[in-house]
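Asks: Sharing my_file.cif here; it has mmCIF, C-alpha atoms.
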```
data_start
#
loop_
_atom_site.label_atom_id
_atom_site.label_comp_id
_atom_site.auth_asym_id
_atom_site.auth_seq_id
_atom_site.Cartn_x
_atom_site.Cartn_y
_atom_site.Cartn_z
CA MET A 63 -106.19 -53.98 -2.79
CA GLN A 64 -107.13 -55.86 -5.93
CA ASP A 65 -104.60 -53.69 -7.79
CA LEU A 66 -101.94 -54.75 -5.37
CA THR A 67 -102.65 -58.40 -6.13
CA THR A 68 -102.54 -57.83 -9.84
CA SER A 69 -99.22 -56.05 -9.63
CA TYR A 70 -97.57 -59.17 -8.21
CA LYS A 71 -98.53 -61.10 -11.29
CA ASN A 72 -96.49 -58.74 -13.40
CA ASP A 73 -93.42 -59.40 -11.33
CA SER A 74 -90.95 -62.07 -12.34
CA PRO A 75 -92.22 -65.54 -11.44
CA ASN A 76 -89.75 -65.93 -8.60
CA SER A 77 -90.58 -62.66 -6.99
CA GLY A 78 -92.89 -62.63 -4.01
CA VAL A 79 -91.60 -59.25 -2.95
CA THR A 80 -93.72 -56.16 -2.74
CA SER A 81 -92.14 -53.01 -4.00
CA GLN A 82 -93.50 -51.07 -1.04
CA PRO A 83 -93.76 -52.25 2.57
CA PRO A 84 -97.41 -52.83 3.49
CA PRO A 85 -99.07 -50.26 5.74
CA SER A 86 -98.66 -51.30 9.36
CA GLY A 87 -102.39 -51.99 9.79
CA ALA A 88 -102.41 -54.48 6.92
CA GLY A 89 -99.05 -55.81 8.10
CA GLY A 90 -100.52 -56.43 11.53
CA LEU A 91 -103.51 -58.25 10.06
CA TYR A 92 -101.30 -60.42 7.89
CA VAL A 93 -99.02 -61.36 10.78
CA LEU A 94 -102.15 -62.15 12.83
CA HIS A 95 -103.36 -64.47 10.07
CA LEU A 96 -100.02 -66.31 10.20
CA ALA A 97 -100.16 -66.40 14.01
CA ASP A 98 -103.76 -67.65 14.22
CA THR A 99 -103.14 -70.34 11.61
CA THR A 100 -100.15 -71.81 13.45
CA LEU A 101 -101.80 -71.47 16.87
CA ILE A 102 -105.01 -73.25 15.90
CA LEU A 103 -103.16 -76.12 14.24
CA ALA A 104 -100.88 -76.38 17.30
CA GLN A 105 -103.97 -76.55 19.50
CA ARG A 106 -105.58 -79.24 17.32
CA ASN A 107 -102.45 -81.40 17.13
CA SER A 108 -101.98 -81.13 20.89
CA GLU A 109 -105.27 -83.02 21.31
CA TRP A 110 -103.29 -86.13 20.33
CA CYS A 111 -101.17 -85.85 23.47
CA ALA A 112 -101.40 -89.25 25.22
CA HIS A 113 -103.73 -90.52 22.44
CA GLY A 114 -101.21 -91.20 19.64
CA PRO A 115 -101.25 -94.65 18.01
CA ILE A 116 -97.87 -95.52 19.52
CA LEU A 117 -95.59 -93.66 21.90
CA GLU A 118 -93.06 -92.48 19.29
CA GLN A 119 -95.81 -91.04 17.07
CA ASP A 120 -97.52 -89.45 20.03
CA ILE A 121 -94.22 -87.69 20.75
CA ALA A 122 -93.82 -86.74 17.08
CA ILE A 123 -97.22 -85.07 16.65
CA THR A 124 -96.90 -83.21 19.96
CA ASN A 125 -93.39 -82.05 19.01
CA ILE A 126 -94.85 -80.66 15.80
CA SER A 127 -97.54 -79.02 17.88
CA LEU A 128 -94.84 -77.42 20.05
CA ASP A 129 -92.96 -76.13 17.00
CA LEU A 130 -96.18 -74.58 15.67
CA LEU A 131 -96.92 -73.01 19.04
CA GLY A 132 -93.44 -71.50 19.14
CA GLN A 133 -93.94 -70.10 15.65
CA ALA A 134 -97.34 -68.72 16.69
CA ARG A 135 -95.78 -66.99 19.71
CA ASN A 136 -93.16 -65.34 17.51
CA PHE A 137 -95.87 -64.12 15.13
CA TYR A 138 -98.12 -62.87 17.96
CA GLN A 139 -95.25 -61.01 19.63
CA HIS A 140 -94.46 -59.35 16.33
CA ALA A 141 -98.14 -58.60 15.61
CA ALA A 142 -98.44 -57.01 19.06
CA THR A 143 -95.67 -54.53 18.22
CA LEU A 144 -97.29 -53.71 14.85
CA ILE A 145 -100.76 -53.30 16.34
CA GLY A 146 -99.77 -51.34 19.46
CA ASN A 147 -102.63 -50.33 21.81
CA ASN A 148 -101.08 -52.41 24.60
CA ALA A 149 -101.68 -55.63 22.65
CA THR A 150 -99.62 -58.58 23.89
CA GLU A 151 -99.16 -62.11 22.58
CA ASP A 152 -101.55 -63.28 25.32
CA SER A 153 -104.27 -60.71 24.67
CA LEU A 154 -104.18 -61.59 20.96
CA ALA A 155 -104.41 -65.34 21.57
CA TYR A 156 -106.82 -65.37 24.49
CA LEU A 157 -109.07 -62.35 24.18
CA ARG A 158 -110.21 -62.24 20.57
CA THR A 159 -113.37 -63.90 19.30
CA GLU A 160 -114.11 -66.15 16.32
CA ARG A 161 -114.64 -63.37 13.81
CA ASP A 162 -111.30 -61.83 14.79
CA PHE A 163 -109.41 -65.05 14.11
CA LYS A 164 -107.97 -65.20 10.60
CA ASN A 165 -106.69 -68.80 10.59
CA LEU A 166 -107.13 -71.08 7.59
CA LEU A 167 -110.25 -73.25 7.84
CA ILE A 168 -108.27 -76.45 7.40
CA THR A 169 -106.47 -75.90 10.71
CA GLU A 170 -109.67 -75.77 12.76
CA LEU A 171 -111.22 -78.97 11.38
CA PRO A 172 -111.44 -81.86 13.83
CA ASN A 173 -108.49 -84.27 13.94
CA GLY A 174 -110.60 -87.21 12.80
CA ASP A 175 -108.51 -90.37 12.64
CA TRP A 176 -104.73 -90.58 12.27
CA ALA A 177 -104.97 -90.48 8.48
CA GLN A 178 -106.92 -87.22 8.55
CA THR A 179 -104.48 -85.62 11.01
CA ILE A 180 -101.46 -86.76 8.98
CA LEU A 181 -102.86 -85.64 5.66
CA ARG A 182 -103.76 -82.19 6.98
CA GLN A 183 -100.26 -81.82 8.40
CA PHE A 184 -98.77 -82.86 5.06
CA PHE A 185 -100.93 -80.46 3.02
CA PHE A 186 -100.25 -77.66 5.47
CA SER A 187 -96.51 -78.22 5.96
CA VAL A 188 -95.83 -78.21 2.21
CA TYR A 189 -97.85 -75.00 1.84
CA GLN A 190 -96.17 -73.46 4.89
CA SER A 191 -92.71 -74.29 3.57
CA LEU A 192 -93.37 -72.65 0.19
CA LEU A 193 -95.07 -69.62 1.73
CA TYR A 194 -92.33 -69.00 4.29
CA SER A 195 -89.66 -69.37 1.60
CA GLN A 196 -91.30 -66.37 -0.06
CA LEU A 197 -91.48 -64.52 3.25
CA LEU A 198 -87.69 -64.73 3.52
CA GLN A 199 -87.74 -61.84 1.03
CA SER A 200 -90.23 -59.78 3.02
CA LYS A 201 -89.44 -56.12 3.60
CA ASP A 202 -90.50 -56.77 7.17
CA ALA A 203 -87.20 -58.03 8.63
CA GLN A 204 -88.79 -59.65 11.68
CA LEU A 205 -91.30 -61.53 9.52
CA ALA A 206 -88.39 -62.79 7.40
CA ALA A 207 -86.52 -63.85 10.56
CA ILE A 208 -89.50 -65.81 11.90
CA ALA A 209 -89.87 -67.50 8.51
CA GLU A 210 -86.18 -68.41 8.43
CA LYS A 211 -86.35 -69.90 11.92
CA SER A 212 -89.57 -71.82 11.20
CA LEU A 213 -88.40 -73.29 7.88
CA LYS A 214 -85.83 -75.48 9.61
CA GLU A 215 -88.60 -77.01 11.71
CA ILE A 216 -91.05 -77.36 8.83
CA THR A 217 -88.51 -79.48 6.92
CA TYR A 218 -88.89 -82.16 9.59
CA HIS A 219 -92.69 -81.88 9.53
CA ILE A 220 -92.80 -82.46 5.76
CA LYS A 221 -90.48 -85.42 5.93
CA TRP A 222 -92.43 -87.04 8.74
CA SER A 223 -95.93 -86.41 7.33
CA SER A 224 -95.05 -87.35 3.74
CA GLU A 225 -93.60 -90.67 4.91
CA TRP A 226 -96.86 -91.34 6.73
CA VAL A 227 -98.97 -90.47 3.67
CA ILE A 228 -96.92 -92.96 1.64
CA ARG A 229 -97.17 -95.60 4.35
CA LEU A 230 -100.95 -95.25 4.63
CA GLY A 231 -101.60 -95.00 0.88
CA ASP A 232 -99.33 -97.90 0.01
CA GLY A 233 -100.12 -99.89 3.17
CA THR A 234 -103.08 -102.12 3.89
CA GLU A 235 -106.54 -102.05 2.37
CA GLU A 236 -107.78 -100.40 5.56
CA SER A 237 -105.06 -97.71 5.66
CA ASN A 238 -105.63 -96.96 1.97
CA LYS A 239 -109.36 -96.61 2.59
CA ARG A 240 -108.74 -94.24 5.51
CA ILE A 241 -106.32 -91.96 3.68
CA ASN A 242 -108.67 -91.78 0.69
CA LYS A 243 -111.51 -90.81 2.99
CA ALA A 244 -109.26 -88.10 4.44
CA ILE A 245 -108.48 -86.81 0.93
CA ASP A 246 -112.22 -86.63 0.15
CA TYR A 247 -112.84 -84.65 3.32
CA LEU A 248 -109.84 -82.29 3.33
CA TRP A 249 -109.30 -81.49 -0.34
CA MET A 250 -111.98 -78.79 -0.51
CA TYR A 251 -110.18 -76.91 2.27
CA THR A 252 -106.87 -76.68 0.37
CA GLY A 253 -108.17 -74.10 -2.11
CA GLU A 254 -108.08 -71.42 0.57
CA PHE A 255 -104.28 -71.60 0.70
CA PHE A 256 -104.20 -69.89 -2.68
CA ILE A 257 -107.12 -67.45 -2.50
CA ALA A 258 -105.52 -64.17 -1.48
CA ALA A 259 -107.02 -62.05 1.25
CA ALA A 260 -106.72 -58.29 0.84
CA TYR A 261 -103.88 -58.14 3.37
CA GLU A 262 -101.68 -60.84 1.79
CA GLU A 263 -98.23 -60.13 0.44
CA THR A 264 -97.13 -63.22 -1.43
CA ASP A 265 -97.39 -64.67 -4.92
CA LEU A 266 -100.04 -67.31 -4.40
CA ALA A 267 -100.31 -68.38 -8.04
CA LEU A 268 -96.70 -69.48 -8.09
CA LEU A 269 -97.22 -71.15 -4.72
CA LYS A 270 -100.16 -73.17 -6.03
CA ARG A 271 -98.23 -74.71 -8.93
CA THR A 272 -95.31 -75.71 -6.73
CA TRP A 273 -97.59 -77.02 -3.98
CA LEU A 274 -99.56 -79.18 -6.41
CA SER A 275 -96.44 -80.70 -7.92
CA LYS A 276 -95.04 -81.59 -4.49
CA ILE A 277 -98.34 -83.17 -3.44
CA GLN A 278 -98.47 -85.03 -6.77
CA GLU A 279 -94.96 -86.39 -6.23
CA VAL A 280 -95.81 -87.89 -2.82
CA PHE A 281 -99.27 -89.07 -3.92
CA GLU A 282 -97.72 -90.96 -6.83
CA GLU A 283 -95.40 -92.78 -4.50
CA ALA A 284 -98.34 -93.50 -2.18
CA GLY A 285 -100.56 -94.75 -5.03
CA LEU A 286 -103.08 -91.96 -4.43
CA ASP A 287 -104.91 -89.71 -6.86
CA ILE A 288 -105.34 -85.95 -6.69
CA PRO A 289 -109.06 -85.13 -6.86
CA GLY A 290 -110.40 -83.30 -9.91
CA GLU A 291 -111.65 -79.73 -9.95
CA THR A 292 -114.15 -79.24 -7.18
CA PHE A 293 -115.81 -76.58 -5.07
CA MET A 294 -113.36 -75.04 -2.60
CA GLN A 295 -114.27 -73.73 0.85
CA GLN A 296 -112.97 -70.38 1.98
CA GLY A 297 -113.59 -67.77 4.65
CA GLY A 298 -111.07 -68.38 7.41
CA LYS A 299 -108.73 -65.65 6.21
CA THR A 300 -111.52 -63.09 6.58
CA GLY A 301 -112.92 -64.41 9.85
CA ASN A 302 -115.80 -66.54 8.50
CA HIS A 303 -115.28 -69.89 10.16
CA THR A 304 -116.75 -73.36 10.45
CA GLU A 305 -118.63 -74.18 13.64
CA HIS A 306 -115.52 -75.95 14.95
CA LEU A 307 -113.51 -72.84 15.78
CA GLY A 308 -115.90 -71.67 18.49
CA TYR A 309 -115.40 -74.88 20.43
CA ILE A 310 -111.61 -74.64 20.15
CA LEU A 311 -111.60 -71.06 21.42
CA ALA A 312 -114.05 -71.86 24.20
CA GLU A 313 -111.66 -74.47 25.53
CA MET A 314 -108.42 -72.60 24.83
CA GLN A 315 -109.59 -69.27 26.24
CA SER A 316 -111.76 -70.43 29.14
CA LEU A 317 -109.17 -69.79 31.84
CA GLN A 318 -108.39 -66.23 30.75
CA ARG A 319 -112.08 -65.51 30.26
CA THR A 320 -113.00 -66.83 33.70
CA TYR A 321 -110.04 -65.38 35.57
CA PRO A 322 -108.89 -62.38 33.53
CA GLY A 323 -105.15 -61.77 33.85
CA ALA A 324 -104.50 -65.11 35.58
CA GLU A 325 -100.84 -66.13 35.57
CA TRP A 326 -98.84 -69.04 36.91
CA MET B 224 -67.46 -42.29 26.90
CA ASN B 225 -63.88 -41.84 28.05
CA ASN B 226 -61.16 -44.48 27.86
CA THR B 227 -61.45 -45.52 31.49
CA GLU B 228 -65.16 -46.32 31.11
CA GLN B 229 -64.46 -48.18 27.89
CA ASN B 230 -61.83 -50.31 29.62
CA THR B 231 -64.14 -51.06 32.55
CA ASP B 232 -66.85 -52.15 30.14
CA ASN B 233 -64.46 -54.44 28.27
CA THR B 234 -63.32 -56.03 31.53
CA ASP B 235 -66.97 -56.48 32.54
CA ILE B 236 -67.87 -58.05 29.22
CA LYS B 237 -65.08 -60.61 29.61
CA LYS B 238 -66.24 -61.31 33.15
CA ILE B 239 -69.87 -61.76 31.99
CA TRP B 240 -68.84 -64.26 29.30
CA LEU B 241 -67.07 -66.25 32.04
CA LEU B 242 -70.20 -66.14 34.21
CA LEU B 243 -72.37 -67.35 31.30
CA GLU B 244 -70.06 -70.36 31.05
CA SER B 245 -71.68 -71.56 34.29
CA VAL B 246 -75.31 -71.25 33.09
CA CYS B 247 -76.52 -74.68 31.95
CA ASP B 248 -79.31 -75.82 29.68
CA PRO B 249 -82.14 -76.95 31.98
CA GLU B 250 -83.05 -79.90 29.73
CA VAL B 251 -79.53 -81.05 28.84
CA PRO B 252 -77.74 -79.96 32.03
CA VAL B 253 -74.37 -81.28 30.86
CA LEU B 254 -74.20 -78.41 28.33
CA THR B 255 -73.63 -74.78 29.15
CA ILE B 256 -75.43 -72.16 27.11
CA LEU B 257 -72.07 -71.29 25.55
CA ASP B 258 -71.54 -74.93 24.50
CA LEU B 259 -74.92 -74.75 22.77
CA GLY B 260 -74.02 -71.54 20.97
CA ILE B 261 -77.20 -69.73 21.93
CA VAL B 262 -75.47 -66.65 23.39
CA ARG B 263 -74.82 -64.42 20.39
CA ASP B 264 -73.43 -61.29 22.04
CA VAL B 265 -72.87 -59.38 25.26
CA LYS B 266 -72.98 -55.58 25.25
CA ILE B 267 -72.82 -52.82 27.81
CA THR B 268 -74.56 -49.56 26.93
CA ASP B 269 -74.79 -46.70 29.46
CA GLY B 270 -74.30 -49.14 32.31
CA GLN B 271 -76.93 -51.59 31.05
CA VAL B 272 -75.81 -55.15 30.42
CA GLU B 273 -77.48 -56.70 27.38
CA VAL B 274 -77.18 -60.44 26.72
CA ILE B 275 -78.37 -61.44 23.26
CA ILE B 276 -79.60 -65.00 22.90
CA THR B 277 -81.26 -67.03 20.15
CA PRO B 278 -83.63 -69.99 20.61
CA THR B 279 -82.69 -73.47 19.40
CA TYR B 280 -86.27 -74.21 18.25
CA SER B 281 -89.19 -71.75 18.04
CA GLY B 282 -91.14 -73.56 20.72
CA CYS B 283 -88.24 -74.49 22.99
CA PRO B 284 -89.69 -74.18 26.50
CA ALA B 285 -86.18 -73.95 27.98
CA MET B 286 -85.67 -70.42 26.66
CA ASP B 287 -87.73 -68.77 29.40
CA ALA B 288 -85.84 -70.72 32.06
CA ILE B 289 -82.51 -69.82 30.43
CA SER B 290 -83.37 -66.11 30.40
CA ILE B 291 -84.21 -66.26 34.11
CA ASP B 292 -81.02 -68.20 34.89
CA ILE B 293 -78.86 -65.64 33.05
CA ARG B 294 -80.52 -62.80 34.92
CA LEU B 295 -80.11 -64.52 38.30
CA LYS B 296 -76.46 -65.33 37.62
CA LEU B 297 -75.69 -61.70 36.76
CA ILE B 298 -77.64 -60.35 39.76
CA GLU B 299 -75.75 -62.76 41.99
CA HIS B 300 -72.52 -61.12 40.80
CA GLY B 301 -73.62 -57.58 41.40
CA TYR B 302 -75.11 -56.55 38.06
CA LYS B 303 -78.42 -54.75 38.43
CA ASN B 304 -79.37 -53.23 35.10
CA ILE B 305 -79.82 -56.28 32.88
CA LYS B 306 -81.61 -56.81 29.59
CA ILE B 307 -82.00 -60.18 27.85
CA THR B 308 -82.81 -59.88 24.16
CA SER B 309 -83.91 -62.81 22.01
CA ILE B 310 -83.17 -62.65 18.30
CA LEU B 311 -84.27 -65.10 15.60
CA SER B 312 -81.92 -64.30 12.73
CA PRO B 313 -79.52 -65.72 11.85
CA ALA B 314 -81.33 -68.90 12.86
CA TRP B 315 -79.53 -71.10 15.36
CA THR B 316 -77.65 -74.06 13.97
CA THR B 317 -75.90 -77.02 15.58
CA ASP B 318 -72.76 -75.80 13.76
CA TRP B 319 -72.49 -73.31 16.62
CA MET B 320 -72.18 -76.06 19.19
CA SER B 321 -68.65 -76.24 20.62
CA GLU B 322 -66.44 -79.32 20.16
CA ASN B 323 -66.26 -79.50 23.92
CA GLY B 324 -70.06 -79.50 24.01
CA LYS B 325 -70.23 -82.39 21.53
CA ARG B 326 -67.76 -84.40 23.61
CA LYS B 327 -69.77 -83.76 26.79
CA LEU B 328 -73.01 -84.76 25.07
CA LYS B 329 -71.52 -88.07 24.01
CA GLU B 330 -70.22 -88.80 27.51
CA TYR B 331 -73.70 -88.00 28.82
CA GLY B 332 -75.20 -90.67 26.54
CA ILE B 333 -76.60 -88.43 23.79
CA ALA B 334 -75.17 -88.82 20.28
CA PRO B 335 -73.87 -85.40 19.17
CA PRO B 336 -75.02 -83.88 15.87
CA ALA B 337 -73.23 -85.61 13.00
CA TYR B 338 -71.51 -83.34 10.56
CA ARG B 339 -73.39 -82.87 7.30
CA THR B 340 -73.55 -80.33 4.52
CA ASP B 341 -76.51 -81.55 2.48
CA ARG B 342 -80.20 -80.97 3.17
CA ILE B 343 -81.85 -82.79 6.03
CA GLY B 344 -81.82 -86.46 5.29
CA PHE B 345 -81.55 -89.11 7.93
CA THR B 346 -79.00 -91.18 6.11
CA ASP B 347 -76.17 -89.77 8.26
CA ILE B 348 -74.31 -92.40 10.21
CA ILE B 349 -75.05 -91.92 13.88
CA ILE B 350 -72.65 -93.55 16.34
CA CYS B 351 -74.09 -95.28 19.40
CA PRO B 352 -72.89 -93.30 22.46
CA GLN B 353 -72.85 -96.51 24.55
CA CYS B 354 -70.90 -99.08 22.48
CA HIS B 355 -69.67 -96.80 19.64
CA SER B 356 -71.15 -99.01 16.93
CA ASP B 357 -72.19 -97.31 13.70
CA ASN B 358 -74.87 -99.95 13.16
CA THR B 359 -77.79 -97.87 14.41
CA LYS B 360 -81.32 -97.12 13.24
CA LEU B 361 -83.73 -94.23 13.49
CA LEU B 362 -86.79 -94.96 15.65
CA SER B 363 -88.36 -91.52 15.42
CA GLN B 364 -87.33 -88.12 14.09
CA PHE B 365 -88.88 -86.61 17.20
CA GLY B 366 -87.61 -87.35 20.68
CA SER B 367 -87.88 -86.31 24.32
CA THR B 368 -87.20 -82.66 23.47
CA ALA B 369 -87.52 -80.60 20.28
CA CYS B 370 -83.78 -80.83 19.59
CA LYS B 371 -83.50 -84.62 19.72
CA ALA B 372 -84.39 -87.69 17.63
CA LEU B 373 -84.71 -91.24 18.95
CA TYR B 374 -82.31 -93.92 17.73
CA GLN B 375 -81.55 -97.51 18.63
CA CYS B 376 -78.26 -99.40 18.39
CA ASN B 377 -78.59 -102.63 16.41
CA ASP B 378 -75.57 -104.13 18.22
CA CYS B 379 -76.00 -103.33 21.92
CA LYS B 380 -79.78 -102.80 21.45
CA GLU B 381 -79.76 -99.66 23.59
CA PRO B 382 -82.15 -96.90 22.51
CA PHE B 383 -80.53 -93.47 22.69
CA ASP B 384 -81.16 -89.80 22.00
CA TYR B 385 -79.50 -88.11 19.05
CA PHE B 386 -79.04 -84.33 19.08
CA LYS B 387 -80.38 -83.47 15.62
CA CYS B 388 -78.46 -81.48 13.05
CA HIS B 389 -80.28 -78.23 12.58
#
```
Using structure tokens, write down the structure from this file.
Replies:
Amino acid sequence: MQDLTTSYKNDSPNSGVTSQPPPSGAGGLYVLHLADTTLILAQRNSEWCAHGPILEQDIAITNISLDLLGQARNFYQHAATLIGNNATEDSLAYLRTERDFKNLLITELPNGDWAQTILRQFFFSVYQSLLYSQLLQSKDAQLAAIAEKSLKEITYHIKWSSEWVIRLGDGTEESNKRINKAIDYLWMYTGEFFIAAAYEETDLALLKRTWLSKIQEVFEEAGLDIPGETFMQQGGKTGNHTEHLGYILAEMQSLQRTYPGAEW
Amino acid sequence: MNNTEQNTDNTDIKKIWLLLESVCDPEVPVLTILDLGIVRDVKITDGQVEVIITPTYSGCPAMDAISIDIRLKLIEHGYKNIKITSILSPAWTTDWMSENGKRKLKEYGIAPPAYRTDRIGFTDIIICPQCHSDNTKLLSQFGSTACKALYQCNDCKEPFDYFKCH
């Protein structure tokens, strides 16, 4: 698998395309990683429902949550067809345990205050936009279709979250303090975006440069600084999670665990 | 397939398109699913009717209801073997909304998607569906459903929904 990663680096800088389609097992795992990541962030953002700072922003963050959930469903449905064995979108979301989940660590972290939620969404949406732009070229036509569909939604998420980052950074002393605290907390979880798991298909080195420059652009306008080199957390992509994921799954899966097969 | 069967299928396909004209969006009931442009194709293969639809937004909760409504409408008119297929590509765009649909939206009190060719920017001029003023402001890019943004008219002061360009 390491060879596979190296071979991307020899491709032209704009190429995120593999020369061979991935084996279906790896393909399934990769699609699951994309599904889990969007599902867990959808679940986290939905915790703001009825708790947003004002009504319009409550509606905004829950709309983003709904978009992410829709994306997750598309990925799970596709993963189910790749995995086979009677897997369904519901069995994949509700009946797997922590170690099976391959979501990015940053998505499972608690919401914290509004600044922390906004900043995570901003970091993630910019990454998601760049990643999915590469997936448009995937040999897996359904993966490319899901990416194409999602990108239109992500454009709104970036616009909304970047405006908030600027407003908080360039706002009051209190808002500036809060967004800086969020940067201190979240930054070490952004490294994982660019550390490839064995099943990944995209050119993460190219992604990292573009991601950093986009973050830099918005931070400059917000009067914020990008932290220096620091230790980066990782593990989510391979199923090694923070303690937070267990609590999310316990809540999200409790109904299906208690009443297997329940429908309404 | 002989010519007679082919002709019957073509007649049926025309009939089905007419039936779909009476299936409405559950969240914006003034629009039919044809006005919205979410029906991409109708096919008949070996007696099975296939209606191909595409979602407006990935998480649009109306899609399940729309699938059921299409099925019920066709059953009501004697079709038994029905398949509803959802496709994602090409991704739905408001460019597929009919002119008639845009007119109906406006009459309903929702500003229709404003024509644009550039990337998403909210500098488009959105006309107030109540007093037709162009002096309006964005309150939130996200509204009561995934497809709408919230605006307010600076002249008549009415807040209103805007069906976002997508």
Asks: Just need the residues of chain A within 7 Å of chain B, counting all atoms listed in the file, so spit them out as a list in words.
Replies: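 That gives Glu118, Ile121, Ala122, Asn125, Leu128, Asp129, Leu131, Gly132, Gln133, Ala207, Ile208, Glu210, Lys211, Ser212 and Lys214 of chain A for chain A.
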Asks: Would you compute the distance between atom CA of A:Glu254 and atom CA of A:Trp222? Give it in Å to one decimal.
Replies: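 Separation between atom CA of A:Glu254 and atom CA of A:Trp222: 23.6 Å.
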Asks: Just want the 9 Å neighbourhood of stretch 226-233 of chain B, counted on all atoms listed in the file, with same-chain residues fewer than 6 positions away dropped. Output as a list in words.
Replies: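 After dropping sequence-adjacent residues, the list is Lys266, Ile267, Thr268 and Gly270 of chain B.
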Asks: Do you know which residues lie at most 10 Å from (-93.7, -69.5, -2.7), with coordinates as in the file and only C-alpha atoms counted, and could you write them as a ChimeraX atom specification?
Replies: /A:75-78,189-198,264-273
Asks: For A:Ile180, work out the shell of residues within 8 Å, counting all atoms listed in the file and skipping chain neighbours fewer than 4 positions away, then give it as a VMD selection string.
Replies: chain A and resid 176 184 223 226 to 227
Asks: What would the list of residues within 10 Å of (-96.2, -61.2, 13.4) (file frame) look like as number ranges by chain, if only C-alpha atoms are what count?
Replies: A: 89-98, 133-145, 151, 202, 204-206, 208
Asks: Report as an NGL selection string the residues that result from applying the PyMOL selection byres ((chain B and resi 307) around 8) to the structure here.
Replies: :B and (273-276 or 290 or 294 or 305-306 or 308-309)
